[in-house]
Each structure stands twice: as C-alpha cells, then as structure tokens.
$ cat final-v2.csv   # CSV, C-alpha atoms
chain,number,residue,atom,x,y,z
A,18,MET,CA,71.5,107.3,87.1
A,19,SER,CA,73.9,104.6,85.9
A,20,LEU,CA,77.6,105.4,86.3
A,21,GLY,CA,78.8,102.7,83.9
A,22,ARG,CA,79.9,99.1,84.1
A,23,ALA,CA,83.5,99.9,85.1
A,24,PHE,CA,82.3,101.9,88.2
A,25,ALA,CA,79.8,99.2,89.1
A,26,THR,CA,82.7,96.7,89.1
A,27,LEU,CA,84.8,99.0,91.4
A,28,TRP,CA,81.7,99.5,93.6
A,29,GLY,CA,81.2,95.7,93.9
A,30,ALA,CA,84.8,95.1,94.9
A,31,ASN,CA,84.6,97.9,97.5
A,32,ALA,CA,81.3,96.6,98.9
A,33,ALA,CA,82.7,93.1,99.4
A,34,SER,CA,85.8,94.6,101.0
A,35,ASN,CA,83.7,96.8,103.3
A,36,LEU,CA,81.7,93.9,104.5
A,37,ALA,CA,84.9,92.1,105.4
A,38,ASP,CA,85.9,95.3,107.3
A,39,GLY,CA,82.6,95.2,109.2
A,40,LEU,CA,83.2,91.6,110.2
A,41,ALA,CA,86.7,92.4,111.3
A,42,PHE,CA,85.5,95.3,113.5
A,43,VAL,CA,83.7,92.8,115.8
A,44,SER,CA,85.4,89.5,115.2
A,45,ILE,CA,89.1,90.5,115.5
A,46,PRO,CA,88.7,91.9,119.1
A,47,LEU,CA,86.6,88.9,120.0
A,48,LEU,CA,89.2,86.6,118.6
A,49,ALA,CA,91.9,88.4,120.7
A,50,THR,CA,89.9,87.9,123.9
A,51,SER,CA,89.9,84.1,123.2
A,52,PHE,CA,93.7,84.3,123.3
A,53,THR,CA,94.2,86.7,126.3
A,54,ASP,CA,92.2,88.5,129.0
A,55,ASP,CA,94.8,91.3,129.2
A,56,PRO,CA,93.0,94.5,128.0
A,57,ARG,CA,96.4,96.0,127.0
A,58,LEU,CA,97.0,93.3,124.5
A,59,VAL,CA,93.5,93.4,123.1
A,60,ALA,CA,93.7,97.2,122.8
A,61,GLY,CA,97.1,96.9,121.3
A,62,LEU,CA,95.6,95.5,118.1
A,63,ALA,CA,93.9,98.8,117.4
A,64,THR,CA,97.1,100.7,118.2
A,65,LEU,CA,99.1,98.4,115.9
A,66,TYR,CA,96.6,98.9,113.1
A,67,ALA,CA,96.7,102.7,113.4
A,68,MET,CA,100.5,102.8,113.6
A,69,VAL,CA,101.0,100.5,110.6
A,70,ARG,CA,98.6,102.6,108.5
A,71,LEU,CA,100.5,105.8,109.5
A,72,LEU,CA,103.9,104.3,108.7
A,73,VAL,CA,103.0,102.8,105.3
A,74,ALA,CA,100.8,105.6,104.0
A,75,LEU,CA,103.5,107.6,102.2
A,76,PRO,CA,105.4,104.7,100.7
A,77,ILE,CA,102.2,103.2,99.4
A,78,GLY,CA,101.2,106.5,97.9
A,79,VAL,CA,104.4,106.4,95.9
A,80,TRP,CA,103.7,102.9,94.6
A,81,VAL,CA,100.1,103.8,93.7
A,82,ASP,CA,101.6,106.5,91.4
A,83,ARG,CA,104.3,104.2,90.1
A,84,LEU,CA,102.3,101.1,89.3
A,85,ASP,CA,99.0,100.2,87.7
A,86,ARG,CA,96.3,101.0,90.3
A,87,ARG,CA,94.0,98.2,89.1
A,88,THR,CA,96.8,95.7,89.7
A,89,ILE,CA,97.4,97.1,93.2
A,90,LEU,CA,93.7,96.8,94.1
A,91,ILE,CA,93.5,93.2,92.8
A,92,VAL,CA,96.7,92.1,94.5
A,93,ALA,CA,96.1,93.8,97.8
A,94,ASN,CA,92.6,92.2,98.2
A,95,LEU,CA,93.8,88.8,97.1
A,96,PHE,CA,96.7,88.9,99.6
A,97,ARG,CA,94.4,90.1,102.3
A,98,GLY,CA,92.0,87.2,101.6
A,99,SER,CA,94.9,84.7,101.5
A,100,ALA,CA,96.4,85.9,104.8
A,101,VAL,CA,93.1,85.9,106.6
A,102,ILE,CA,92.1,82.4,105.3
A,103,ALA,CA,95.5,81.1,106.5
A,104,LEU,CA,94.7,82.7,109.9
A,105,ALA,CA,91.3,81.0,110.0
A,106,ILE,CA,92.9,77.7,109.4
A,107,CYS,CA,95.4,78.3,112.2
A,108,VAL,CA,92.6,79.3,114.5
A,109,GLN,CA,90.7,76.2,113.7
A,110,LEU,CA,93.8,74.1,114.3
A,111,ASP,CA,94.7,76.1,117.5
A,112,VAL,CA,98.1,77.2,116.1
A,113,GLY,CA,99.8,80.5,116.3
A,114,GLY,CA,97.7,82.3,118.9
A,115,LEU,CA,97.9,86.1,119.7
A,116,ILE,CA,101.3,86.6,118.0
A,117,LEU,CA,100.0,85.3,114.7
A,118,LEU,CA,96.9,87.5,115.1
A,119,TYR,CA,99.1,90.6,115.5
A,120,VAL,CA,101.2,89.7,112.5
A,121,VAL,CA,98.2,89.2,110.2
A,122,TYR,CA,96.4,92.3,111.5
A,123,GLY,CA,99.5,94.4,110.7
A,124,ALA,CA,99.5,92.9,107.2
A,125,ILE,CA,95.8,93.7,106.9
A,126,GLY,CA,96.4,97.3,107.8
A,127,THR,CA,99.2,97.6,105.2
A,128,LEU,CA,97.2,96.0,102.4
A,129,GLU,CA,94.1,98.0,103.3
A,130,SER,CA,96.0,101.2,102.9
A,131,ALA,CA,97.1,100.1,99.4
A,132,ALA,CA,93.6,99.0,98.4
A,133,ASP,CA,91.9,102.1,99.7
A,134,ASN,CA,94.4,104.5,98.0
A,135,ALA,CA,94.3,102.7,94.7
A,136,SER,CA,90.5,102.6,94.7
A,137,VAL,CA,90.1,106.4,95.4
A,138,SER,CA,92.7,107.1,92.8
A,139,LEU,CA,90.9,105.0,90.2
A,140,VAL,CA,87.4,106.6,90.5
A,141,PRO,CA,88.2,109.6,88.3
A,142,ASN,CA,89.3,107.3,85.5
A,143,LEU,CA,85.9,105.4,85.6
A,144,VAL,CA,83.4,108.3,85.8
A,145,GLU,CA,83.0,111.7,84.4
A,146,LYS,CA,84.1,114.7,86.5
A,147,ARG,CA,80.4,115.8,87.0
A,148,GLN,CA,79.6,112.3,88.3
A,149,LEU,CA,82.2,112.2,91.1
A,150,ASP,CA,79.9,113.3,93.9
A,151,SER,CA,77.3,110.6,93.0
A,152,ALA,CA,80.1,108.0,92.6
A,153,ASN,CA,81.6,108.8,96.0
A,154,GLY,CA,78.2,108.9,97.6
A,155,ARG,CA,77.4,105.4,96.4
A,156,ILE,CA,80.7,104.1,97.7
A,157,SER,CA,80.0,105.8,101.0
A,158,ALA,CA,76.5,104.3,101.2
A,159,ALA,CA,77.8,100.8,100.6
A,160,GLN,CA,80.5,101.3,103.3
A,161,LEU,CA,78.0,102.5,105.9
A,162,VAL,CA,75.6,99.6,105.3
A,163,ALA,CA,78.5,97.0,105.4
A,164,ASP,CA,80.4,98.6,108.3
A,165,GLU,CA,77.5,99.7,110.5
A,166,PHE,CA,74.4,97.6,109.8
A,167,VAL,CA,75.4,94.2,108.4
A,168,GLY,CA,79.1,93.5,109.2
A,169,PRO,CA,79.2,93.9,113.0
A,170,PRO,CA,76.0,91.8,113.9
A,171,LEU,CA,77.0,89.2,111.3
A,172,GLY,CA,80.5,89.0,112.7
A,173,GLY,CA,79.1,88.4,116.2
A,174,PHE,CA,76.7,85.8,115.0
A,175,LEU,CA,79.4,83.9,113.1
A,176,PHE,CA,81.8,84.1,116.0
A,177,ALA,CA,79.1,82.5,118.3
A,178,LEU,CA,79.0,79.6,115.8
A,179,ALA,CA,82.8,79.1,115.8
A,180,ALA,CA,85.8,81.4,116.4
A,181,ALA,CA,87.2,80.7,112.9
A,182,ALA,CA,83.8,81.2,111.1
A,183,PRO,CA,84.0,85.1,110.7
A,184,VAL,CA,87.7,84.9,109.8
A,185,TYR,CA,86.9,82.5,107.0
A,186,ALA,CA,84.1,84.9,105.9
A,187,MET,CA,86.5,87.9,106.0
A,188,GLY,CA,89.1,86.1,103.9
A,189,GLY,CA,86.5,84.9,101.4
A,190,LEU,CA,85.1,88.5,101.0
A,191,TRP,CA,88.5,90.1,100.5
A,192,ALA,CA,89.4,87.4,98.0
A,193,ALA,CA,86.1,88.0,96.2
A,194,ALA,CA,86.9,91.7,96.1
A,195,GLY,CA,90.1,90.9,94.3
A,196,ILE,CA,88.4,88.6,91.9
A,197,VAL,CA,85.7,91.2,91.1
A,198,ALA,CA,88.4,93.8,90.5
A,199,LEU,CA,89.8,91.7,87.7
A,200,ALA,CA,86.9,92.9,85.6
A,201,LEU,CA,88.1,96.5,85.8
A,202,PRO,CA,89.4,97.9,82.5
A,203,SER,CA,93.1,97.8,82.1
A,204,ARG,CA,94.5,101.3,82.1
A,205,ALA,CA,98.2,102.0,82.0
A,206,LEU,CA,99.5,104.7,84.3
A,207,ALA,CA,101.6,106.2,81.5
A,208,ALA,CA,102.7,105.4,78.0
A,209,PRO,CA,105.7,103.1,78.0
A,210,ASP,CA,108.0,105.8,76.5
A,211,ALA,CA,106.9,108.2,79.2
A,212,ILE,CA,107.9,106.0,82.1
A,213,PRO,CA,111.4,107.2,83.3
A,214,THR,CA,114.2,104.6,83.0
A,215,LYS,CA,115.6,105.7,86.4
A,216,ARG,CA,113.3,106.9,89.2
A,217,PRO,CA,114.2,109.2,92.0
A,218,PRO,CA,114.4,107.7,95.5
A,219,MET,CA,111.0,106.9,97.1
A,220,TRP,CA,111.3,109.6,99.7
A,221,LYS,CA,111.8,112.3,97.0
A,222,GLU,CA,108.7,111.1,95.2
A,223,ALA,CA,106.8,111.2,98.5
A,224,VAL,CA,108.1,114.7,99.2
A,225,ALA,CA,107.0,115.8,95.7
A,226,GLY,CA,103.4,114.8,96.5
A,227,ALA,CA,103.4,116.5,99.8
A,228,SER,CA,105.0,119.7,98.3
A,229,TRP,CA,102.3,119.8,95.6
A,230,LEU,CA,99.6,119.5,98.2
A,231,ALA,CA,101.2,122.2,100.4
A,232,ARG,CA,101.4,124.6,97.4
A,233,HIS,CA,97.8,124.0,96.1
A,234,ARG,CA,95.5,126.4,97.9
A,235,ILE,CA,92.3,124.4,97.7
A,236,VAL,CA,93.7,120.8,98.1
A,237,GLY,CA,96.1,121.9,100.8
A,238,SER,CA,93.3,123.7,102.6
A,239,LEU,CA,91.1,120.7,102.4
A,240,ALA,CA,93.8,118.5,103.9
A,241,MET,CA,94.5,120.9,106.8
A,242,ILE,CA,90.7,121.3,107.5
A,243,GLY,CA,90.4,117.5,107.4
A,244,ALA,CA,93.2,117.2,110.0
A,245,LEU,CA,91.5,119.6,112.3
A,246,ALA,CA,88.2,117.9,111.8
A,247,SER,CA,89.8,114.6,112.7
A,248,VAL,CA,90.9,116.1,116.0
A,249,GLY,CA,87.3,117.3,116.7
A,250,TYR,CA,85.9,113.9,115.7
A,251,MET,CA,88.2,111.9,118.0
A,252,LEU,CA,87.8,114.3,120.9
A,253,THR,CA,84.2,113.1,121.0
A,254,PHE,CA,84.3,109.5,119.8
A,255,SER,CA,87.3,108.5,121.9
A,256,ILE,CA,85.2,108.9,125.0
A,257,LEU,CA,81.7,108.5,123.6
A,258,VAL,CA,81.1,105.1,125.2
A,259,ILE,CA,81.8,106.5,128.6
A,260,PHE,CA,79.8,109.7,127.8
A,261,VAL,CA,76.8,107.6,126.8
A,262,GLN,CA,76.9,105.4,129.9
A,263,ASP,CA,77.7,108.0,132.5
A,264,ARG,CA,75.9,111.1,131.3
A,265,LEU,CA,73.0,109.5,129.4
A,266,GLY,CA,72.6,106.4,131.6
A,267,VAL,CA,72.5,104.1,128.6
A,268,SER,CA,73.6,100.5,128.8
A,269,ALA,CA,76.2,98.8,126.6
A,270,ALA,CA,73.4,97.5,124.4
A,271,GLY,CA,71.8,100.9,124.2
A,272,TYR,CA,75.2,102.3,123.1
A,273,GLY,CA,75.2,99.9,120.1
A,274,VAL,CA,71.7,101.0,119.2
A,275,ILE,CA,72.7,104.7,119.3
A,276,LEU,CA,75.6,104.0,117.0
A,277,SER,CA,73.4,102.1,114.6
A,278,VAL,CA,70.8,104.8,114.5
A,279,SER,CA,73.4,107.5,114.0
A,280,ALA,CA,74.5,105.7,110.8
A,281,LEU,CA,71.2,106.6,109.2
A,282,GLY,CA,72.5,110.2,109.0
A,283,GLY,CA,75.3,108.9,106.9
A,284,LEU,CA,73.0,107.1,104.5
A,285,ILE,CA,70.9,110.3,104.0
A,286,GLY,CA,74.2,112.2,103.4
A,287,SER,CA,75.4,109.6,100.9
A,288,PHE,CA,72.3,110.0,98.7
A,289,THR,CA,71.8,113.8,99.1
A,290,THR,CA,75.2,115.3,98.9
A,291,ALA,CA,75.4,115.5,95.1
A,292,ARG,CA,72.1,117.3,94.9
A,293,ILE,CA,73.0,119.7,97.7
A,294,ARG,CA,76.3,120.5,96.0
A,295,LEU,CA,74.6,121.2,92.7
A,296,ARG,CA,72.4,123.8,94.4
A,297,ILE,CA,74.9,125.7,96.5
A,298,GLY,CA,78.3,124.6,95.4
A,299,TYR,CA,81.2,122.9,97.1
A,300,ARG,CA,82.3,125.8,99.3
A,301,TRP,CA,79.0,126.4,101.0
A,302,THR,CA,78.1,122.7,101.2
A,303,ILE,CA,81.3,122.1,103.1
A,304,VAL,CA,80.9,125.2,105.3
A,305,ALA,CA,77.2,124.3,106.1
A,306,SER,CA,78.2,120.7,106.8
A,307,LEU,CA,80.9,121.7,109.2
A,308,ILE,CA,78.6,124.1,111.0
A,309,LEU,CA,76.0,121.3,111.3
A,310,GLY,CA,78.8,119.1,112.9
A,311,ALA,CA,79.6,121.8,115.4
A,312,VAL,CA,75.9,122.4,116.3
A,313,SER,CA,75.4,118.6,116.8
A,314,LEU,CA,78.3,118.3,119.2
A,315,PHE,CA,77.2,121.4,121.2
A,316,VAL,CA,73.8,119.9,121.6
A,317,LEU,CA,75.3,116.5,122.5
A,318,ALA,CA,77.5,118.2,125.1
A,319,THR,CA,74.6,119.9,126.9
A,320,THR,CA,72.0,117.1,126.8
A,321,THR,CA,71.4,114.3,129.2
A,322,ASN,CA,68.5,112.9,127.1
A,323,ALA,CA,69.3,109.8,125.1
A,324,VAL,CA,66.8,110.6,122.3
A,325,ILE,CA,68.2,114.0,121.8
A,326,ALA,CA,71.7,112.7,121.9
A,327,SER,CA,70.9,110.1,119.3
A,328,ALA,CA,69.4,112.8,117.0
A,329,SER,CA,72.5,114.8,117.5
A,330,LEU,CA,74.7,111.9,116.4
A,331,VAL,CA,72.5,111.4,113.3
A,332,VAL,CA,73.1,115.0,112.3
A,333,TYR,CA,76.8,114.6,113.1
A,334,ILE,CA,77.2,111.5,110.9
A,335,PHE,CA,75.2,113.3,108.2
A,336,HIS,CA,77.7,116.1,108.3
A,337,ALA,CA,80.7,113.8,108.3
A,338,VAL,CA,79.6,112.0,105.2
A,339,VAL,CA,78.7,115.2,103.3
A,340,TRP,CA,82.1,116.7,104.2
A,341,GLY,CA,83.9,113.5,103.3
A,342,ILE,CA,82.2,113.2,99.8
A,343,CYS,CA,82.9,116.8,99.0
A,344,SER,CA,86.6,116.7,100.1
A,345,VAL,CA,87.3,113.5,98.2
A,346,SER,CA,85.5,114.6,95.1
A,347,LEU,CA,87.4,117.9,95.0
A,348,ARG,CA,90.7,116.2,95.5
A,349,GLN,CA,89.9,113.8,92.7
A,350,ARG,CA,89.0,116.7,90.4
A,351,LEU,CA,92.0,118.8,91.1
A,352,VAL,CA,95.0,116.5,91.7
A,353,PRO,CA,96.9,115.5,88.5
A,354,GLU,CA,96.6,111.7,87.8
A,355,PRO,CA,100.4,111.1,88.3
A,356,LEU,CA,100.2,112.6,91.8
A,357,ARG,CA,96.9,111.1,93.1
A,358,GLY,CA,98.4,108.3,95.2
A,359,ARG,CA,101.0,110.5,96.9
A,360,VAL,CA,98.6,113.4,97.6
A,361,ASN,CA,95.9,111.0,98.9
A,362,ALA,CA,98.6,109.5,101.2
A,363,THR,CA,99.7,112.9,102.5
A,364,ALA,CA,96.1,113.8,103.3
A,365,GLN,CA,95.7,110.5,105.0
A,366,VAL,CA,98.7,111.0,107.2
A,367,LEU,CA,97.5,114.4,108.3
A,368,GLY,CA,94.1,112.8,109.1
A,369,LEU,CA,95.6,110.0,111.1
A,370,LEU,CA,97.8,112.4,113.1
A,371,GLY,CA,94.6,114.4,113.8
A,372,LEU,CA,92.9,111.3,115.0
A,373,ALA,CA,95.8,110.4,117.3
A,374,LEU,CA,95.9,114.0,118.8
A,375,GLY,CA,92.1,114.0,119.3
A,376,SER,CA,92.1,110.6,121.0
A,377,PHE,CA,94.9,111.7,123.4
A,378,SER,CA,93.3,115.1,124.1
A,379,GLY,CA,89.8,113.6,124.6
A,380,GLY,CA,91.0,111.4,127.4
A,381,LEU,CA,92.7,114.3,129.2
A,382,LEU,CA,89.8,116.6,128.9
A,383,ALA,CA,87.3,114.0,130.0
A,384,VAL,CA,89.1,113.8,133.3
A,385,ILE,CA,88.0,117.4,133.9
A,386,HIS,CA,84.5,116.9,132.8
A,387,ILE,CA,83.0,114.2,130.6
A,388,ALA,CA,81.2,116.7,128.3
A,389,LEU,CA,84.3,119.0,127.9
A,390,PRO,CA,85.9,117.1,125.0
A,391,VAL,CA,82.5,117.0,123.1
A,392,ALA,CA,82.1,120.8,123.5
A,393,VAL,CA,85.8,121.4,122.5
A,394,GLY,CA,85.1,119.2,119.5
A,395,GLY,CA,82.2,121.5,118.5
A,396,GLY,CA,84.6,124.4,118.8
A,397,MET,CA,87.0,122.7,116.5
A,398,PHE,CA,84.3,122.3,113.8
A,399,ILE,CA,83.4,126.0,114.1
A,400,THR,CA,87.1,126.8,113.4
A,401,CYS,CA,87.0,124.4,110.4
A,402,ALA,CA,83.9,126.1,109.0
A,403,PHE,CA,85.4,129.5,109.4
A,404,ALA,CA,88.6,128.3,107.7
A,405,ALA,CA,86.7,126.7,104.9
A,406,SER,CA,84.7,129.9,104.2
A,407,LEU,CA,87.9,131.8,103.8
A,408,LEU,CA,90.2,129.3,102.1
A,409,LEU,CA,87.8,127.7,99.6
A,410,ARG,CA,86.8,130.9,97.8
A,411,ASN,CA,86.3,130.3,94.0
A,412,VAL,CA,86.5,126.5,94.6
A,413,ASP,CA,83.5,125.9,92.2
A,414,ASP,CA,85.3,127.7,89.4
A,415,ASN,CA,88.0,125.0,89.2
$ encode --input "final-v2.csv" --output "structure tokens"
Amino acid sequence: MSLGRAFATLWGANAASNLADGLAFVSIPLLATSFTDDPRLVAGLATLYAMVRLLVALPIGVWVDRLDRRTILIVANLFRGSAVIALAICVQLDVGGLILLYVVYGAIGTLESAADNASVSLVPNLVEKRQLDSANGRISAAQLVADEFVGPPLGGFLFALAAAAPVYAMGGLWAAAGIVALALPSRALAAPDAIPTKRPPMWKEAVAGASWLARHRIVGSLAMIGALASVGYMLTFSILVIFVQDRLGVSAAGYGVILSVSALGGLIGSFTTARIRLRIGYRWTIVASLILGAVSLFVLATTTNAVIASASLVVYIFHAVVWGICSVSLRQRLVPEPLRGRVNATAQVLGLLGLALGSFSGGLLAVIHIALPVAVGGGMFITCAFAASLLLRNVDDN
C-alpha cells in the first residue's frame, strides 16, 4: 500500500540517516581506538552521547514546536553531514585527534535529537491517521536493516580500507538525508497571525509539554510504561555481551551473529504490527507484546543453550518493535500538533533516564549472578504489561 510521495520522501531521508547511524555504531569506537588505548576514554564517547541527548531533549522539543519541522530536519542533517565531513578531513590530515572526535560526537548527538524529534512530529502531517501504524512500521524496518544488517559490517569494511573512509561515508549520507528532505512539502506550523509576538520563556514552554503529558491518561501512561520498559531493556542488554560469553560459551564473533539474528524479529514486527493492531486493538497488542518480552527474558535467564537464547532474543526484539510502533503511533494520534515536539521530548527524557537506571542496576545485579538482571528485566515487563492492561482501557476509542 502506497503512503504517498511525501511520506516516501521522509522515509528516504530517514533511511539515509539510519545507514549513517549504523556506520557510526562501529566506526566511531574504532576511530577512538586509533587515538587512544584507554578504555575509559573510548567508553566516554557513549557516555557523552547519552548525556548530550538527555540535556538537549527538552529545549529541542520546544524548538520543534516553535519552528517549521521540515526546516529543522533539513538543517540538522546538513549540519551533521558538514561536521562529520570536516572530521573526516581532519582524520585524513592527522589533525585534532580525540578531543575533536569528542566535540563532533557531542554535536552529532544534539543534531540527531533535533532530526529524530522533527521526523516523528512530521509523520502525522504526511499520512492519514489510519496509516500511522504502517508508516511507523516501514520507518522501523528501514532503521533495523540499516543499523543492524548493513551499517555495522559496512563500517568495519570501510575502516579497514582507511580510518577516514567510513567518516566520509557518514557525512555524505547525512548530507544526502538533508538534501532528500528538501523535497518534503512546506507546511507552516501555524498561520502567521496565530504566531504569538512574544513567546514565554523556553522553560515554561517545556513545562507546558510535560504537564500536558502528565495530565493525559493514555499518553502519560505510555510514557511511564516506556520508562519502565527502558529499565528492563538495559538490565539485560547492558550485560548481554558478558552473559553470552560466560553463560552460553559464545565467542565475540558468535555474539555478533546472535545480535544479527535477533534483528530478524524486529523485521517481522515491522511488517506485522499494523495487521495485529487491526485485529485486536492497541491495548491488547501492547499488553501481548510486553508479555512476550517478559517470557523471552525469563527463557533467556534460564537457558545455557545458544540456539534457545538466540530464539529468545528474536522474540524479544519482535516485542520491542511492536511496542515501539504502537506507542509512537498512539502518541502521534493523540498529541495536538502544537505540542508534539515537547511531548516527544518529555517521553524521550523519561526513556533515557530508564536506560541509565537499567544500565547501572544491571551491572550491580550481575555481580550477584549473571542471569539475575535478565530475570529482573522479565519481571519489569510483567509489571509493564499489567500496568498497560489497567491504564490503556478504551484506548482504541480515541
């Protein structure tokens, strides 16, 4: 089913951006190791990226609601491309080193937050409400293919050719995403006479978005369930590499294979969520997906068989994609257009805080037993499923 030329344009821009993300996942850490062998400095890049996204999420949400979202998407991608191409030139000339890498990576995190929020906020303007599940499913499928199957191996191959090669490719892809987005239809956020001559302070606008989310039973519930699910996710995935090697006896190469195989569950979820939701509705699709997530983690916690563990992770990623598509589609349906950026940002902050708490807790629990954080993660998803069954009543009537 065609979703229209405008959505196809947004999908193309997102696909190019996601492929750059997949390259960055492998090539940025590899580039860091070419500058230093200190693991703290290499890991610090991921910490910086997470902290930047957390700090800028709410201000960016305000700007996404203040300005034309198409323009934000174009500018964010063009700036990302320009910054990364400049980094590639410096790498090739052996100028700047690790400090420059940190600066550019922080800028990438800021601009990615802007591009992602603008893109999610644009989707309801480009497709009909009944098409949101299919649209978000196609975006999710492109992201999975780029991030999991194509980007990482391509990034490693290009880095083997030359350290600057994947960086040039990343910059070119982000610049291409910005250029493709130029073909999106121009849509003003509000009529000129509806734009206030004097805006309230940014923090008040951010609070207004957070307050709306807190008052809305469905969207607020989705955000809180998402934060709890983020804790459950990171409880497991923060220690998964150790779990796979110590408990399953799998090598580092085998770990990569397991992750690639697990992404197949996400592809299945991307193409089936819309049909499942049409049959049983948002509430029970979400509840069933969360129960599946819990079961998959309980199986993973109790097995020492790599094949069973891989199958469990396929089911887990399937659940995660189904849940993600449903929660995003519902938020797009229910949040008024002038508030979309700020509500998206508030939900993102809650999710990022959940990821941080889950990562910290996963390390502590793994000291007791390597399977304990996985089992506790399963318990978190049972809690989420119970909460969803209670809090999302009548959700399909909205």
$ closest_atom_pairs --input "final-v2.csv" --of "segment 314-336 of chain A" --to "segment 240-257 of chain A" --cutoff "10 Å" --atoms "only C-alpha atoms" --output "Markdown table"
| residue | atom | partner | partner_atom | distance |
| --- | --- | --- | --- | --- |
| A:Leu314 | CA | A:Thr253 | CA | 8.1 |
| A:Leu317 | CA | A:Thr253 | CA | 9.6 |
| A:Ala318 | CA | A:Thr253 | CA | 9.4 |
| A:Tyr333 | CA | A:Tyr250 | CA | 9.5 |
$ write_last_selection --input "final-v2.csv" --atoms "C-alpha atoms" --output "mmCIF file, in the coordinates of the input"
data_model
loop_
_atom_site.group_PDB
_atom_site.id
_atom_site.type_symbol
_atom_site.label_atom_id
_atom_site.label_comp_id
_atom_site.auth_asym_id
_atom_site.auth_seq_id
_atom_site.Cartn_x
_atom_site.Cartn_y
_atom_site.Cartn_z
ATOM 1 C CA LEU A 314 78.300 118.300 119.200
ATOM 2 C CA LEU A 317 75.300 116.500 122.500
ATOM 3 C CA ALA A 318 77.500 118.200 125.100
ATOM 4 C CA TYR A 333 76.800 114.600 113.100
#
$ atom_distance --input "final-v2.csv" --atom1 "atom CA of Trp80 of chain A" --atom2 "atom CA of Ala362 of chain A"
10.6 Å
$ residues_around --input "final-v2.csv" --residues "segment 58-62 of chain A" --least-positions-apart "5" --cutoff "8 Å" --atoms "only C-alpha atoms" --output "list in words"
Pro46, Ala49, Thr50, Thr53, Tyr119 and Tyr122 of chain A
$ residues_around --input "final-v2.csv" --residues "Ser44 of chain A" --least-positions-apart "6" --cutoff "10 Å" --atoms "all atoms listed in the file" --output "NGL selection string"
:A and (38 or 50 or 168-177 or 180-184 or 187)
$ closest_residue --input "final-v2.csv" --among "A:Lys215, A:Cys107, A:Ala227, A:Arg70" --to "Gly358 of chain A" --atoms "all atoms listed in the file"
A:Ala227
$ atom_distance --input "final-v2.csv" --atom1 "atom CA of Leu409 of chain A" --atom2 "atom CA of Leu309 of chain A"
17.8 Å
$ residues_around --input "final-v2.csv" --residues "segment 282-284 of chain A" --least-positions-apart "6" --cutoff "9 Å" --atoms "all atoms listed in the file" --output "PyMOL selection string"
chain A and resi 154+157-159+161-162+328+330-339
$ residues_around --input "final-v2.csv" --residues "Arg97 of chain A" --least-positions-apart "6" --cutoff "8 Å" --atoms "all atoms listed in the file" --output "number ranges by chain"
A: 124-125, 128-129, 188, 191-192
$ closest_residue --input "final-v2.csv" --among "A:Val167, A:Val360, A:Ile297, A:Leu143" --to "Gly237 of chain A" --atoms "only C-alpha atoms"
A:Val360
$ closest_residue --input "final-v2.csv" --among "A:Tyr185, A:Trp229, A:Phe42, A:Trp28" --to "Leu351 of chain A" --atoms "all atoms listed in the file"
A:Trp229
$ atom_distance --input "final-v2.csv" --atom1 "atom CA of Gly395 of chain A" --atom2 "atom CA of Arg348 of chain A"
25.1 Å
$ decode --input "final-v2.csv" --residues "segment 118-175 of chain A" --atoms "C-alpha atoms" --output "CSV table (one decimal), in the first residue's frame"
chain,number,residue,atom,x,y,z
A,118,LEU,CA,36.2,13.5,18.0
A,119,TYR,CA,34.5,14.2,21.3
A,120,VAL,CA,33.4,17.7,20.1
A,121,VAL,CA,31.9,16.4,16.8
A,122,TYR,CA,30.3,13.4,18.5
A,123,GLY,CA,28.6,15.7,21.0
A,124,ALA,CA,27.3,17.8,18.1
A,125,ILE,CA,26.1,14.7,16.3
A,126,GLY,CA,24.1,13.7,19.4
A,127,THR,CA,22.5,17.2,19.6
A,128,LEU,CA,21.6,17.3,15.9
A,129,GLU,CA,20.3,13.7,16.0
A,130,SER,CA,17.9,14.6,18.7
A,131,ALA,CA,16.6,17.5,16.6
A,132,ALA,CA,16.3,15.4,13.4
A,133,ASP,CA,14.6,12.5,15.2
A,134,ASN,CA,12.0,14.7,17.0
A,135,ALA,CA,11.2,16.7,13.9
A,136,SER,CA,10.8,13.5,11.8
A,137,VAL,CA,8.4,11.8,14.3
A,138,SER,CA,6.4,15.0,14.6
A,139,LEU,CA,6.1,15.3,10.8
A,140,VAL,CA,4.7,11.8,10.2
A,141,PRO,CA,1.0,12.7,11.1
A,142,ASN,CA,1.1,15.5,8.6
A,143,LEU,CA,2.1,13.2,5.8
A,144,VAL,CA,-0.2,10.2,6.2
A,145,GLU,CA,-3.7,9.6,7.3
A,146,LYS,CA,-4.4,8.6,10.9
A,147,ARG,CA,-5.3,5.1,9.9
A,148,GLN,CA,-1.9,4.7,8.1
A,149,LEU,CA,0.3,5.6,11.1
A,150,ASP,CA,1.0,2.0,12.1
A,151,SER,CA,2.1,1.1,8.6
A,152,ALA,CA,4.2,4.3,8.2
A,153,ASN,CA,6.0,3.7,11.5
A,154,GLY,CA,6.5,0.1,10.7
A,155,ARG,CA,8.2,1.0,7.4
A,156,ILE,CA,10.4,3.5,9.2
A,157,SER,CA,11.3,0.9,11.8
A,158,ALA,CA,12.1,-1.7,9.1
A,159,ALA,CA,14.5,0.7,7.3
A,160,GLN,CA,16.2,1.5,10.6
A,161,LEU,CA,16.7,-2.1,11.5
A,162,VAL,CA,18.2,-3.0,8.1
A,163,ALA,CA,20.5,0.0,8.2
A,164,ASP,CA,21.5,-0.2,11.8
A,165,GLU,CA,21.8,-4.0,12.2
A,166,PHE,CA,22.5,-5.6,8.9
A,167,VAL,CA,24.1,-3.1,6.6
A,168,GLY,CA,25.7,-0.3,8.6
A,169,PRO,CA,28.0,-2.1,11.1
A,170,PRO,CA,29.7,-4.6,8.6
A,171,LEU,CA,30.0,-1.8,6.0
A,172,GLY,CA,31.5,0.5,8.6
A,173,GLY,CA,34.1,-2.1,9.6
A,174,PHE,CA,34.9,-2.8,6.0
A,175,LEU,CA,35.4,0.9,5.2
